[in-house]
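Student: Got query.txt for you, compact mmCIF, C-alpha atoms:
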```
# COMPACT_ATOMS: atom_id res chain seq x y z
CA MET R 1 133.58 -15.23 -52.34
CA SER R 2 137.24 -15.47 -51.44
CA GLN R 3 139.78 -13.42 -53.36
CA GLU R 4 141.67 -16.59 -54.32
CA THR R 5 138.62 -17.94 -56.21
CA ARG R 6 138.22 -15.41 -58.99
CA PHE R 7 135.17 -15.12 -61.24
CA GLN R 8 135.98 -16.02 -64.82
CA THR R 9 132.86 -14.64 -66.51
CA PHE R 10 130.87 -11.50 -65.76
CA VAL R 11 127.35 -11.33 -67.19
CA PHE R 12 126.01 -7.79 -67.42
CA VAL R 13 122.26 -7.85 -66.84
CA ASP R 14 119.53 -5.33 -67.52
CA LEU R 15 115.78 -5.80 -67.33
CA GLU R 16 112.92 -3.57 -68.43
CA GLY R 17 109.56 -4.01 -66.76
CA THR R 18 106.02 -2.76 -66.37
CA GLY R 19 106.91 -0.39 -63.50
CA LEU R 20 107.66 -0.76 -59.80
CA ASP R 21 104.27 -1.97 -58.54
CA ARG R 22 104.61 -5.78 -58.58
CA PRO R 23 106.36 -5.56 -61.95
CA ARG R 24 106.49 -8.04 -64.78
CA LEU R 25 109.42 -8.35 -67.14
CA THR R 26 109.12 -6.89 -70.65
CA GLU R 27 112.73 -7.16 -71.85
CA LEU R 28 115.98 -8.80 -70.77
CA CYS R 29 119.56 -8.55 -71.98
CA LEU R 30 122.52 -10.64 -70.80
CA THR R 31 126.00 -9.70 -72.04
CA ALA R 32 128.74 -12.13 -71.02
CA VAL R 33 132.41 -11.09 -70.98
CA HIS R 34 135.38 -13.18 -69.84
CA ARG R 35 137.63 -11.80 -67.15
CA TYR R 36 140.54 -11.69 -69.60
CA SER R 37 138.73 -9.10 -71.73
CA LEU R 38 137.92 -6.97 -68.69
CA GLU R 39 141.54 -7.07 -67.53
CA ASN R 40 142.84 -6.38 -71.06
CA PRO R 41 140.30 -3.99 -72.60
CA PRO R 42 140.69 -2.47 -76.07
CA HIS R 43 142.06 1.06 -76.13
CA PRO R 44 139.31 3.70 -76.43
CA ALA R 45 139.34 5.95 -79.48
CA GLY R 46 139.10 9.64 -78.71
CA GLY R 47 137.81 9.05 -75.20
CA ALA R 48 134.87 6.92 -76.35
CA PRO R 49 134.47 3.51 -74.69
CA ALA R 50 135.63 0.51 -76.69
CA LEU R 51 133.85 -2.75 -75.93
CA PRO R 52 135.59 -6.14 -75.95
CA ARG R 53 135.47 -7.92 -79.30
CA VAL R 54 134.68 -11.28 -77.69
CA LEU R 55 131.35 -11.24 -75.89
CA ASP R 56 128.10 -13.20 -75.91
CA LYS R 57 124.73 -11.50 -75.88
CA LEU R 58 121.17 -12.68 -75.30
CA CYS R 59 118.26 -10.24 -75.71
CA LEU R 60 114.60 -11.20 -75.27
CA CYS R 61 111.31 -9.29 -75.25
CA ALA R 62 108.30 -10.72 -73.41
CA TYR R 63 104.61 -9.88 -73.22
CA PRO R 64 104.10 -9.14 -69.50
CA ASN R 65 100.48 -10.29 -69.02
CA LYS R 66 100.00 -7.03 -67.14
CA PRO R 67 99.52 -3.41 -68.27
CA VAL R 68 102.78 -1.56 -68.88
CA CYS R 69 102.63 1.71 -66.94
CA PRO R 70 102.64 4.84 -69.11
CA ARG R 71 105.99 6.17 -67.90
CA ALA R 72 107.71 2.80 -68.28
CA ALA R 73 106.27 2.48 -71.80
CA ARG R 74 107.44 5.99 -72.68
CA LEU R 75 110.99 5.37 -71.44
CA SER R 76 111.50 1.83 -72.71
CA GLY R 77 109.46 2.07 -75.90
CA LEU R 78 107.73 -1.20 -74.98
CA SER R 79 103.95 -1.36 -74.62
CA ASN R 80 101.30 -4.03 -74.48
CA GLU R 81 100.30 -2.97 -78.00
CA ASN R 82 103.67 -3.25 -79.75
CA LEU R 83 104.62 -6.44 -77.91
CA THR R 84 101.31 -7.96 -79.08
CA GLU R 85 101.72 -6.62 -82.62
CA ASN R 86 105.14 -8.28 -82.79
CA GLY R 87 103.82 -11.61 -81.56
CA LYS R 88 105.90 -11.76 -78.40
CA PRO R 89 104.96 -14.51 -75.92
CA GLY R 90 105.25 -14.08 -72.17
CA PHE R 91 108.29 -14.99 -70.11
CA ASP R 92 107.94 -18.74 -70.40
CA GLY R 93 109.74 -22.06 -70.21
CA ALA R 94 111.40 -21.48 -73.56
CA ALA R 95 112.91 -18.21 -72.27
CA VAL R 96 114.17 -19.97 -69.15
CA THR R 97 115.78 -22.69 -71.27
CA LEU R 98 117.59 -20.07 -73.36
CA ILE R 99 118.83 -18.18 -70.30
CA ARG R 100 120.04 -21.31 -68.54
CA ALA R 101 121.84 -22.54 -71.69
CA PHE R 102 123.43 -19.12 -72.19
CA LEU R 103 124.80 -19.10 -68.64
CA GLN R 104 125.90 -22.72 -68.68
CA ARG R 105 128.13 -22.18 -71.72
CA GLN R 106 130.13 -19.44 -69.97
CA ALA R 107 133.42 -20.16 -68.22
CA ALA R 108 132.78 -20.71 -64.52
CA PRO R 109 132.58 -19.31 -61.93
CA VAL R 110 130.05 -16.77 -63.21
CA CYS R 111 129.01 -13.46 -61.64
CA LEU R 112 125.87 -11.59 -62.71
CA VAL R 113 126.32 -7.81 -62.66
CA ALA R 114 123.50 -5.24 -62.62
CA HIS R 115 123.23 -1.57 -61.66
CA CYS R 116 120.77 -1.31 -58.76
CA GLY R 117 120.50 -5.06 -59.26
CA SER R 118 119.91 -5.76 -55.56
CA ARG R 119 116.81 -3.55 -55.60
CA TYR R 120 115.36 -4.31 -59.02
CA ASP R 121 116.91 -6.63 -61.61
CA PHE R 122 117.86 -9.62 -59.45
CA PRO R 123 114.60 -9.78 -57.40
CA LEU R 124 112.47 -9.29 -60.53
CA LEU R 125 114.29 -12.01 -62.46
CA ARG R 126 113.96 -14.37 -59.50
CA THR R 127 110.22 -13.62 -59.29
CA GLU R 128 109.73 -14.45 -62.95
CA LEU R 129 111.69 -17.68 -62.57
CA TRP R 130 109.80 -18.71 -59.44
CA ARG R 131 106.53 -17.98 -61.19
CA LEU R 132 107.45 -20.83 -63.52
CA GLY R 133 108.83 -23.08 -60.79
CA SER R 134 112.36 -22.69 -62.18
CA ASP R 135 115.67 -21.04 -61.34
CA LEU R 136 119.10 -20.25 -62.76
CA PRO R 137 121.92 -22.82 -62.80
CA GLY R 138 123.67 -23.46 -59.49
CA GLY R 139 126.87 -21.77 -58.40
CA LEU R 140 126.08 -18.27 -59.72
CA HIS R 141 126.90 -15.10 -57.77
CA CYS R 142 125.66 -11.55 -58.31
CA ALA R 143 127.12 -8.07 -57.82
CA ASP R 144 125.48 -4.63 -57.74
CA THR R 145 127.62 -1.92 -59.37
CA HIS R 146 125.56 0.82 -57.72
CA LEU R 147 126.69 -0.40 -54.30
CA ALA R 148 130.22 -1.10 -55.50
CA LEU R 149 130.83 2.29 -57.11
CA ARG R 150 129.35 4.23 -54.22
CA GLU R 151 131.84 2.44 -52.00
CA LEU R 152 134.79 2.73 -54.37
CA LEU R 153 134.15 6.38 -55.23
CA GLY R 154 133.53 7.41 -51.64
CA ALA R 155 129.81 8.24 -51.67
CA PRO R 156 128.37 8.97 -48.20
CA CYS R 157 126.14 6.40 -46.54
CA ARG R 158 122.80 8.01 -47.30
CA PRO R 159 120.19 7.66 -50.04
CA ALA R 160 122.04 7.56 -53.32
CA PRO R 161 122.68 10.88 -55.06
CA CYS R 162 121.56 11.13 -58.67
CA GLY R 163 125.22 11.22 -59.70
CA PHE R 164 125.33 7.45 -59.21
CA SER R 165 122.69 6.64 -61.79
CA LEU R 166 124.04 4.67 -64.76
CA PRO R 167 123.85 7.63 -67.22
CA GLU R 168 125.61 9.96 -64.76
CA LEU R 169 128.39 7.45 -64.08
CA TYR R 170 128.84 6.96 -67.82
CA ARG R 171 129.13 10.75 -68.22
CA ARG R 172 131.60 10.92 -65.34
CA PHE R 173 133.92 8.43 -67.02
CA TYR R 174 133.42 9.36 -70.70
CA SER R 175 132.33 13.04 -70.63
CA ARG R 176 129.11 12.25 -72.46
CA TYR R 177 125.84 10.48 -71.84
CA PRO R 178 125.20 7.07 -73.42
CA ALA R 179 123.73 7.27 -76.91
CA ALA R 180 120.66 5.32 -75.79
CA SER R 181 119.03 4.42 -72.48
CA HIS R 182 116.11 2.39 -71.13
CA THR R 183 116.42 -0.48 -73.54
CA ALA R 184 117.83 -3.61 -71.97
CA GLU R 185 120.59 -3.98 -74.56
CA ALA R 186 121.67 -0.32 -74.43
CA ASP R 187 121.76 -0.27 -70.63
CA ALA R 188 123.64 -3.57 -70.38
CA LEU R 189 126.30 -2.25 -72.78
CA ALA R 190 126.46 1.09 -70.95
CA LEU R 191 126.99 -0.84 -67.72
CA LEU R 192 129.80 -2.83 -69.36
CA SER R 193 131.42 0.48 -70.42
CA VAL R 194 131.14 1.86 -66.89
CA PHE R 195 132.62 -1.36 -65.50
CA LEU R 196 135.56 -1.12 -67.91
CA ALA R 197 136.35 2.39 -66.63
CA LYS R 198 137.03 0.97 -63.14
CA ALA R 199 137.66 -2.66 -64.06
CA PRO R 200 140.58 -3.50 -61.71
CA GLU R 201 138.74 -2.13 -58.67
CA LEU R 202 135.37 -3.61 -59.64
CA LEU R 203 136.84 -7.04 -60.36
CA SER R 204 138.43 -7.11 -56.92
CA TRP R 205 135.24 -5.80 -55.30
CA ALA R 206 133.17 -8.51 -56.96
CA ASP R 207 135.59 -11.25 -55.95
CA LEU R 208 135.20 -10.19 -52.32
CA ASN R 209 131.58 -8.99 -52.15
CA ALA R 210 129.44 -10.78 -54.73
CA ARG R 211 126.73 -12.79 -53.01
CA PRO R 212 125.32 -16.16 -54.03
CA TRP R 213 122.33 -16.05 -56.36
CA ASP R 214 120.59 -18.45 -53.98
CA GLU R 215 120.38 -15.60 -51.42
CA VAL R 216 118.38 -13.32 -53.73
CA GLN R 217 114.75 -13.08 -52.65
CA PRO R 218 111.98 -12.55 -55.20
CA ALA R 219 110.54 -9.05 -55.46
CA PHE R 220 107.18 -10.42 -54.31
CA GLN R 221 105.32 -13.70 -54.11
CA PRO R 222 104.22 -14.29 -57.69
CA PRO R 223 100.47 -14.87 -58.16
CA ALA R 224 98.91 -17.28 -60.57
CA LYS R 225 99.44 -16.42 -64.21
CA ILE R 226 96.96 -13.88 -65.58
CA PRO R 227 95.36 -14.93 -68.88
CA ARG R 228 96.17 -12.45 -71.62
CA ARG R 229 92.48 -11.82 -72.40
CA GLU R 230 92.03 -10.42 -68.89
CA VAL R 231 94.91 -7.98 -69.20
CA GLU R 232 93.22 -5.79 -71.80
CA GLU R 233 90.21 -5.47 -69.48
CA ARG R 234 92.27 -3.94 -66.67
CA GLU R 235 92.87 -0.24 -66.21
CA GLY R 236 96.38 1.19 -66.61
CA CYS R 237 98.54 1.72 -63.51
CA ALA R 238 100.49 4.76 -62.36
CA SER R 239 103.71 3.18 -61.09
CA PRO R 240 107.03 4.86 -61.75
CA ALA R 241 109.50 3.40 -64.21
CA PRO R 242 112.36 1.14 -63.05
CA PRO R 243 115.36 2.94 -61.52
CA GLU R 244 118.15 4.08 -63.79
```
Mind converting the file's structure to structure tokens?
Tutor:
Amino acid sequence: MSQETRFQTFVFVDLEGTGLDRPRLTELCLTAVHRYSLENPPHPAGGAPALPRVLDKLCLCAYPNKPVCPRAARLSGLSNENLTENGKPGFDGAAVTLIRAFLQRQAAPVCLVAHCGSRYDFPLLRTELWRLGSDLPGGLHCADTHLALRELLGAPCRPAPCGFSLPELYRRFYSRYPAASHTAEADALALLSVFLAKAPELLSWADLNARPWDEVQPAFQPPAKIPRREVEEREGCASPAPPE
């Protein structure tokens, strides 16, 4: 992306899933903020982050048609049982329609933003879309704040230190941990707060380094859909939870 063609909308993305072993999506949150609000943020009160007044938000839960691993269920609060009890369908065509409509009503060009998005959120979302033979609207780009902030804050080129997790970055900028973590909405809003703390630098970084959505590869080749009745017959898995 050239610096002269600036993104007008940034959509902060967070997904929760069943774990890291061929995961399925259990929750998604998209929070869209116009560039104007990121360049002209509200003044924080007493050091606490203040979020823009004008933003759009889409949050969805989905039955994953796969067992949710115990650690992921413990962290996210989402399980096969409570998703079933609340009548949540799987990630389906209706969800894709909502996501596409949400993105299409934002001022273009649009950049998706996720923390560790290159490793988790973007490939998982693309897998779920490909499973349904669908995709996001054309012209989107995506940026990973984990990569951006390691570069901007001078982290060495080695496996990421824990200080670059989303909660630790939030604490670095606001001297406290986020009030909630491991729900898609809470993490998307925490990411927005972290972005606001370094907005001028991150906006410029995204303009130069965001990559086209079309270049994102799915996390794995999605298999045929598993009927829900077969899921309850399977044993639980032991995969770790998604990265922070």
Student: Counting all atoms listed in the file, give me one row per residue of range 122-169 of chain R with an atom at most 9 Å from an atom of range 188-204 of chain R, showing the shortest contact pair and its distance in Å to one decimal, sorted by chain then residue number, as CSV.
Tutor:
```
residue,atom,partner,partner_atom,distance
R:Thr145,CA,R:Phe195,CA,7.9
R:Ala148,CA,R:Leu202,CA,7.1
R:Leu149,CA,R:Leu202,CA,7.9
R:Leu152,CA,R:Glu201,CA,7.6
R:Leu166,CA,R:Leu191,CA,6.9
R:Pro167,CA,R:Ala190,CA,8.0
R:Leu169,CA,R:Val194,CA,6.8
```
Student: Would you pick out the contacts of Cys29 in chain R at 9 Å or less, using only C-alpha atoms, so that residues sharing its chain but fewer than 2 positions from it are not included, and give the list as a list in words?
Tutor: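 Near neighbours after the sequence-gap exclusion: Phe12, Val13, Asp14, Leu15, Glu27, Thr31, Lys57, Leu58, Cys59, Leu60, Cys61, Thr183, Ala184, Glu185, Ala186, Asp187 and Ala188 of chain R.
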Student: Can you list, as a list of chain:residue names, every protein, DNA or RNA residue that comes within 8 Å of Val96 in chain R when you count only C-alpha atoms, leaving out same-chain residues fewer than 5 positions away?
Tutor: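 Close residues of Val96 in chain R: R:Phe91, R:Leu129, R:Ser134.
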Student: Considering only C-alpha atoms, can you say which of R:Asn86, R:Leu55, R:Pro218, R:Pro137 comes closest to Ala101 in chain R?
Tutor: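 Of R:Asn86, R:Leu55, R:Pro218, R:Pro137, the one nearest Ala101 in chain R, counting only C-alpha atoms, is R:Pro137.
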Student: Write out as a list in words which residues come within 7 Å of Gly17 in chain R when counting all atoms listed in the file, dropping same-chain ones fewer than 4 positions away.
Tutor: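 Selected residues are Pro23, Arg24, Leu25, Thr26, Glu27 and Pro242 of chain R.
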Student: Can you patch up range 191-204 of chain R, filling it in to N, CA, C and O atoms, and show the result as a PDB file, in the coordinates of the input?
Tutor:
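Written output follows (part-v2.pdb):
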```
ATOM      1  N   LEU R 191     126.440  -0.325 -68.978  1.00  0.00           N
ATOM      2  CA  LEU R 191     126.990  -0.840 -67.720  1.00  0.00           C
ATOM      3  C   LEU R 191     128.350  -1.487 -67.953  1.00  0.00           C
ATOM      4  O   LEU R 191     129.285  -1.296 -67.158  1.00  0.00           O
ATOM      5  N   LEU R 192     128.498  -2.238 -69.020  1.00  0.00           N
ATOM      6  CA  LEU R 192     129.800  -2.830 -69.360  1.00  0.00           C
ATOM      7  C   LEU R 192     130.841  -1.725 -69.539  1.00  0.00           C
ATOM      8  O   LEU R 192     131.981  -1.838 -69.051  1.00  0.00           O
ATOM      9  N   SER R 193     130.477  -0.632 -70.219  1.00  0.00           N
ATOM     10  CA  SER R 193     131.420   0.480 -70.420  1.00  0.00           C
ATOM     11  C   SER R 193     131.811   1.105 -69.090  1.00  0.00           C
ATOM     12  O   SER R 193     132.993   1.424 -68.864  1.00  0.00           O
ATOM     13  N   VAL R 194     130.843   1.313 -68.206  1.00  0.00           N
ATOM     14  CA  VAL R 194     131.140   1.860 -66.890  1.00  0.00           C
ATOM     15  C   VAL R 194     132.063   0.922 -66.118  1.00  0.00           C
ATOM     16  O   VAL R 194     133.025   1.355 -65.470  1.00  0.00           O
ATOM     17  N   PHE R 195     131.782  -0.361 -66.184  1.00  0.00           N
ATOM     18  CA  PHE R 195     132.620  -1.360 -65.500  1.00  0.00           C
ATOM     19  C   PHE R 195     134.055  -1.286 -66.011  1.00  0.00           C
ATOM     20  O   PHE R 195     135.016  -1.337 -65.228  1.00  0.00           O
ATOM     21  N   LEU R 196     134.221  -1.157 -67.332  1.00  0.00           N
ATOM     22  CA  LEU R 196     135.560  -1.120 -67.910  1.00  0.00           C
ATOM     23  C   LEU R 196     136.358   0.086 -67.399  1.00  0.00           C
ATOM     24  O   LEU R 196     137.582   0.018 -67.273  1.00  0.00           O
ATOM     25  N   ALA R 197     135.659   1.195 -67.096  1.00  0.00           N
ATOM     26  CA  ALA R 197     136.350   2.390 -66.630  1.00  0.00           C
ATOM     27  C   ALA R 197     137.006   2.185 -65.268  1.00  0.00           C
ATOM     28  O   ALA R 197     137.976   2.873 -64.935  1.00  0.00           O
ATOM     29  N   LYS R 198     136.467   1.259 -64.469  1.00  0.00           N
ATOM     30  CA  LYS R 198     137.030   0.970 -63.140  1.00  0.00           C
ATOM     31  C   LYS R 198     137.234  -0.533 -62.975  1.00  0.00           C
ATOM     32  O   LYS R 198     137.070  -1.080 -61.886  1.00  0.00           O
ATOM     33  N   ALA R 199     137.630  -1.200 -64.055  1.00  0.00           N
ATOM     34  CA  ALA R 199     137.660  -2.660 -64.060  1.00  0.00           C
ATOM     35  C   ALA R 199     138.532  -3.270 -62.963  1.00  0.00           C
ATOM     36  O   ALA R 199     138.076  -4.196 -62.262  1.00  0.00           O
ATOM     37  N   PRO R 200     139.774  -2.830 -62.746  1.00  0.00           N
ATOM     38  CA  PRO R 200     140.580  -3.500 -61.710  1.00  0.00           C
ATOM     39  C   PRO R 200     139.917  -3.447 -60.335  1.00  0.00           C
ATOM     40  O   PRO R 200     139.874  -4.454 -59.611  1.00  0.00           O
ATOM     41  N   GLU R 201     139.381  -2.265 -59.980  1.00  0.00           N
ATOM     42  CA  GLU R 201     138.740  -2.130 -58.670  1.00  0.00           C
ATOM     43  C   GLU R 201     137.439  -2.925 -58.584  1.00  0.00           C
ATOM     44  O   GLU R 201     137.158  -3.568 -57.565  1.00  0.00           O
ATOM     45  N   LEU R 202     136.651  -2.902 -59.664  1.00  0.00           N
ATOM     46  CA  LEU R 202     135.370  -3.610 -59.640  1.00  0.00           C
ATOM     47  C   LEU R 202     135.555  -5.121 -59.669  1.00  0.00           C
ATOM     48  O   LEU R 202     134.771  -5.862 -59.055  1.00  0.00           O
ATOM     49  N   LEU R 203     136.563  -5.598 -60.373  1.00  0.00           N
ATOM     50  CA  LEU R 203     136.840  -7.040 -60.360  1.00  0.00           C
ATOM     51  C   LEU R 203     137.196  -7.497 -58.951  1.00  0.00           C
ATOM     52  O   LEU R 203     136.684  -8.517 -58.467  1.00  0.00           O
ATOM     53  N   SER R 204     138.050  -6.750 -58.293  1.00  0.00           N
ATOM     54  CA  SER R 204     138.430  -7.110 -56.920  1.00  0.00           C
ATOM     55  C   SER R 204     137.241  -7.014 -55.977  1.00  0.00           C
ATOM     56  O   SER R 204     137.063  -7.870 -55.098  1.00  0.00           O
TER      57      SER R 204
END
```
